[in-house]
file input_3.cif (mmCIF, C-alpha atoms)
data_input
loop_
_atom_site.label_atom_id
_atom_site.label_comp_id
_atom_site.auth_asym_id
_atom_site.auth_seq_id
_atom_site.Cartn_x
_atom_site.Cartn_y
_atom_site.Cartn_z
CA MET A 1 -48.71 109.44 102.70
CA LYS A 2 -47.64 106.94 100.02
CA ARG A 3 -47.69 104.15 102.59
CA VAL A 4 -51.26 104.99 103.69
CA VAL A 5 -52.56 105.02 100.09
CA SER A 6 -50.82 101.71 99.38
CA LEU A 7 -52.35 100.17 102.49
CA ILE A 8 -55.84 101.36 101.56
CA VAL A 9 -55.52 100.05 97.99
CA SER A 10 -54.20 96.68 99.21
CA THR A 11 -57.01 96.32 101.74
CA ALA A 12 -59.68 97.18 99.17
CA LEU A 13 -58.21 94.78 96.60
CA GLY A 14 -57.98 91.97 99.15
CA ALA A 15 -61.61 92.50 100.20
CA ALA A 16 -62.78 92.48 96.57
CA LEU A 17 -60.94 89.22 95.85
CA THR A 18 -62.35 87.61 98.98
CA ILE A 19 -65.92 88.53 98.03
CA ALA A 20 -65.49 87.45 94.39
CA GLY A 21 -64.06 84.07 95.32
CA ALA A 22 -66.51 83.27 98.14
CA GLY A 23 -68.79 80.94 96.12
CA PRO A 24 -68.76 77.17 96.54
CA ALA A 25 -66.45 75.17 94.28
CA SER A 26 -68.12 73.20 91.51
CA ALA A 27 -67.09 71.17 88.49
CA ASP A 28 -69.10 70.15 85.45
CA PRO A 29 -69.99 66.46 85.35
CA TYR A 30 -67.16 64.26 84.08
CA ASP A 31 -66.27 60.57 83.69
CA CYS A 32 -69.20 60.33 81.29
CA ARG A 33 -69.99 57.54 78.86
CA THR A 34 -72.69 56.75 76.31
CA TRP A 35 -74.12 53.56 74.88
CA TYR A 36 -77.07 52.44 72.77
CA SER A 37 -79.84 50.73 74.70
CA SER A 38 -81.62 49.91 71.43
CA GLY A 39 -81.38 50.80 67.76
CA THR A 40 -83.41 53.95 68.39
CA THR A 41 -82.27 54.99 71.88
CA ALA A 42 -78.96 56.37 73.14
CA ALA A 43 -78.22 56.43 76.87
CA GLY A 44 -75.48 57.89 79.01
CA THR A 45 -74.30 58.68 82.51
CA CYS A 46 -71.70 60.75 84.33
CA THR A 47 -70.17 59.47 87.56
CA ASN A 48 -68.25 62.48 88.94
CA GLY A 49 -68.57 66.23 89.33
CA THR A 50 -71.53 68.43 90.07
CA GLY A 51 -74.03 70.17 87.85
CA GLU A 52 -76.23 68.39 85.35
CA PHE A 53 -75.97 66.59 82.02
CA ARG A 54 -78.14 65.19 79.23
CA VAL A 55 -77.67 62.81 76.32
CA TYR A 56 -78.19 63.69 72.68
CA THR A 57 -77.95 61.59 69.54
CA LYS A 58 -78.04 61.99 65.81
CA CYS A 59 -80.99 60.16 64.25
CA VAL A 60 -80.48 58.83 60.74
CA ARG A 61 -83.43 58.03 58.45
CA THR A 62 -83.34 56.40 55.04
CA LEU A 63 -84.53 58.78 52.31
CA ALA A 64 -85.20 61.51 54.85
CA ARG A 65 -83.30 64.27 56.58
CA ASP A 66 -81.18 63.34 59.62
CA TYR A 67 -81.93 65.16 62.88
CA TYR A 68 -80.71 65.44 66.48
CA VAL A 69 -82.72 64.65 69.58
CA TYR A 70 -81.87 65.65 73.16
CA ASP A 71 -83.15 64.31 76.46
CA PRO A 72 -85.55 67.11 77.44
CA THR A 73 -84.54 66.94 81.11
CA TRP A 74 -81.23 67.75 82.75
CA ASN A 75 -80.02 64.89 84.95
CA ARG A 76 -77.87 64.73 88.08
CA VAL A 77 -74.56 62.90 88.26
CA GLY A 78 -75.07 59.18 88.91
CA THR A 79 -78.35 58.90 86.98
CA THR A 80 -79.01 57.78 83.41
CA SER A 81 -80.16 60.05 80.60
CA THR A 82 -81.76 58.79 77.36
CA ALA A 83 -82.56 60.27 73.96
CA THR A 84 -84.91 58.37 71.65
CA CYS A 85 -85.27 58.77 67.90
CA TYR A 86 -88.77 58.84 66.43
CA SER A 87 -90.21 58.54 62.90
CA GLY A 88 -88.07 55.54 62.04
CA GLY A 89 -84.76 57.16 62.96
CA ARG A 90 -81.73 55.06 63.96
CA ALA A 91 -79.58 56.41 66.82
CA THR A 92 -75.95 57.09 65.96
CA GLY A 93 -73.26 59.46 67.23
CA ALA A 94 -74.41 59.92 70.82
CA GLY A 95 -72.91 62.56 73.06
CA ILE A 96 -73.31 64.27 76.42
CA GLU A 97 -74.01 67.95 77.05
CA VAL A 98 -73.13 69.35 80.50
CA HIS A 99 -73.95 72.51 82.44
#

call {"tool": "encode", "arguments": {"input": "input_3.cif", "output": "structure tokens"}}
result
Amino acid sequence: MKRVVSLIVSTALGAALTIAGAGPASADPYDCRTWYSSGTTAAGTCTNGTGEFRVYTKCVRTLARDYYVYDPTWNRVGTTSTATCYSGGRATGAGIEVH
């Protein structure tokens, strides 16, 4: 009887693990880099992985509050994303957000 119960539990556990792990493999974008295409615009790209990414940058203004701006669209690996400061902001501290 113990052997039958053990066999049933093992079979059920194996089936559950097979179903849970059946999705396709994926990895967030990586090998990413950023640069400044102008004083007000940050750009970036990722060259490997799957999923999507976007660039963000801190915008610094003289005598005004600093703010962050994000590319409003999520981009695929191999493309370029840009984030542009407005209202006289200067782009500094760019980064990449992935999902």

call {"tool": "closest_residue", "arguments": {"input": "input_3.cif", "among": "A:Val77, A:Ala64, A:Ile96, A:Val69", "to": "Asn48 of chain A", "atoms": "only C-alpha atoms"}}
result
A:Val77

call {"tool": "residues_around", "arguments": {"input": "input_3.cif", "residues": "Ala27 of chain A", "least_positions_apart": "3", "cutoff": "12 Å", "atoms": "only C-alpha atoms", "output": "list in words"}}
result
Pro24, Tyr30, Asp31, Asn48, Gly49, Thr50, Gly51, Glu52, Phe53, Val77, Val98 and His99 of chain A

call {"tool": "resolve_selection", "arguments": {"input": "input_3.cif", "expression": "the PyMOL selection byres ((chain A and resi 36) around 12)", "output": "list in words"}}
result
Arg33, Thr34, Trp35, Ser37, Ser38, Gly39, Thr40, Thr41, Ala42, Ala43, Gly44, Thr45, Val55, Tyr56, Thr57, Lys58, Ser81, Thr82, Ala83, Thr84, Cys85, Arg90, Ala91, Thr92, Gly93, Ala94 and Gly95 of chain A

call {"tool": "atom_distance", "arguments": {"input": "input_3.cif", "atom1": "atom CA of Cys46 of chain A", "atom2": "atom CA of Thr79 of chain A"}}
result
7.4 Å

call {"tool": "closest_residue", "arguments": {"input": "input_3.cif", "among": "A:Ser26, A:Ser87, A:Arg54, A:Cys32", "to": "Asn75 of chain A", "atoms": "only C-alpha atoms"}}
result
A:Arg54

call {"tool": "closest_residue", "arguments": {"input": "input_3.cif", "among": "A:Thr47, A:Pro29, A:Asp71, A:Asp66", "to": "Gly88 of chain A", "atoms": "all atoms listed in the file"}}
result
A:Asp66

call {"tool": "build_atoms", "arguments": {"input": "input_3.cif", "residues": "segment 25-36 of chain A", "atoms": "all heavy atoms", "output": "short mmCIF file (atom, residue, chain, number, x, y, z; two decimals), keeping the file's coordinate frame"}}
result
data_model
loop_
_atom_site.label_atom_id
_atom_site.label_comp_id
_atom_site.auth_asym_id
_atom_site.auth_seq_id
_atom_site.Cartn_x
_atom_site.Cartn_y
_atom_site.Cartn_z
N ALA A 25 -67.14 75.77 95.43
CA ALA A 25 -66.45 75.17 94.28
C ALA A 25 -67.39 74.19 93.58
O ALA A 25 -68.17 73.51 94.22
CB ALA A 25 -65.20 74.45 94.76
N SER A 26 -67.31 74.15 92.26
CA SER A 26 -68.12 73.20 91.51
C SER A 26 -67.36 72.80 90.25
O SER A 26 -66.48 73.51 89.79
CB SER A 26 -69.47 73.80 91.14
OG SER A 26 -69.31 74.86 90.23
N ALA A 27 -67.71 71.66 89.73
CA ALA A 27 -67.09 71.17 88.49
C ALA A 27 -68.18 70.54 87.65
O ALA A 27 -69.07 69.86 88.17
CB ALA A 27 -66.03 70.12 88.82
N ASP A 28 -68.13 70.80 86.34
CA ASP A 28 -69.10 70.15 85.45
C ASP A 28 -68.99 68.64 85.62
O ASP A 28 -67.93 68.12 85.99
CB ASP A 28 -68.80 70.52 84.00
CG ASP A 28 -69.25 71.93 83.65
OD1 ASP A 28 -70.13 72.46 84.35
OD2 ASP A 28 -68.72 72.49 82.68
N PRO A 29 -70.07 67.92 85.30
CA PRO A 29 -69.99 66.46 85.35
C PRO A 29 -68.86 65.95 84.45
O PRO A 29 -68.58 66.52 83.40
CB PRO A 29 -71.35 66.02 84.80
CG PRO A 29 -72.26 67.16 85.10
CD PRO A 29 -71.41 68.39 84.93
N TYR A 30 -68.20 64.88 84.89
CA TYR A 30 -67.16 64.26 84.08
C TYR A 30 -67.17 62.76 84.34
O TYR A 30 -68.00 62.27 85.09
CB TYR A 30 -65.79 64.89 84.35
CG TYR A 30 -65.28 64.77 85.76
CD1 TYR A 30 -64.39 63.75 86.11
CD2 TYR A 30 -65.67 65.66 86.75
CE1 TYR A 30 -63.90 63.65 87.41
CE2 TYR A 30 -65.19 65.56 88.04
CZ TYR A 30 -64.31 64.55 88.36
OH TYR A 30 -63.84 64.45 89.64
N ASP A 31 -66.24 62.04 83.71
CA ASP A 31 -66.27 60.57 83.69
C ASP A 31 -67.61 60.11 83.12
O ASP A 31 -68.33 59.31 83.71
CB ASP A 31 -66.03 59.97 85.08
CG ASP A 31 -64.60 60.12 85.55
OD1 ASP A 31 -63.72 60.31 84.68
OD2 ASP A 31 -64.36 60.06 86.76
N CYS A 32 -67.92 60.63 81.94
CA CYS A 32 -69.20 60.33 81.29
C CYS A 32 -69.00 59.29 80.20
O CYS A 32 -67.92 59.20 79.59
CB CYS A 32 -69.78 61.59 80.67
SG CYS A 32 -70.03 62.95 81.83
N ARG A 33 -70.03 58.52 79.95
CA ARG A 33 -69.99 57.54 78.86
C ARG A 33 -71.37 57.40 78.25
O ARG A 33 -72.38 57.68 78.91
CB ARG A 33 -69.47 56.19 79.33
CG ARG A 33 -70.37 55.48 80.30
CD ARG A 33 -69.72 54.18 80.82
NE ARG A 33 -70.65 53.43 81.65
CZ ARG A 33 -71.46 52.47 81.22
NH1 ARG A 33 -71.45 52.12 79.95
NH2 ARG A 33 -72.28 51.85 82.04
N THR A 34 -71.41 56.99 77.00
CA THR A 34 -72.69 56.75 76.31
C THR A 34 -72.72 55.34 75.76
O THR A 34 -71.68 54.70 75.58
CB THR A 34 -72.89 57.73 75.13
OG1 THR A 34 -71.83 57.57 74.19
CG2 THR A 34 -72.94 59.17 75.61
N TRP A 35 -73.91 54.87 75.51
CA TRP A 35 -74.12 53.56 74.88
C TRP A 35 -75.48 53.59 74.21
O TRP A 35 -76.25 54.53 74.36
CB TRP A 35 -74.02 52.42 75.91
CG TRP A 35 -75.09 52.44 76.96
CD1 TRP A 35 -76.30 51.79 76.92
CD2 TRP A 35 -75.07 53.15 78.21
NE1 TRP A 35 -77.03 52.06 78.06
CE2 TRP A 35 -76.29 52.88 78.87
CE3 TRP A 35 -74.15 53.98 78.84
CZ2 TRP A 35 -76.61 53.42 80.11
CZ3 TRP A 35 -74.47 54.51 80.07
CH2 TRP A 35 -75.68 54.23 80.70
N TYR A 36 -75.78 52.55 73.45
CA TYR A 36 -77.07 52.44 72.77
C TYR A 36 -77.87 51.35 73.44
O TYR A 36 -77.47 50.19 73.48
CB TYR A 36 -76.88 52.16 71.28
CG TYR A 36 -76.12 53.28 70.61
CD1 TYR A 36 -74.76 53.18 70.37
CD2 TYR A 36 -76.77 54.45 70.27
CE1 TYR A 36 -74.06 54.23 69.81
CE2 TYR A 36 -76.08 55.50 69.71
CZ TYR A 36 -74.73 55.39 69.48
OH TYR A 36 -74.05 56.43 68.92
#
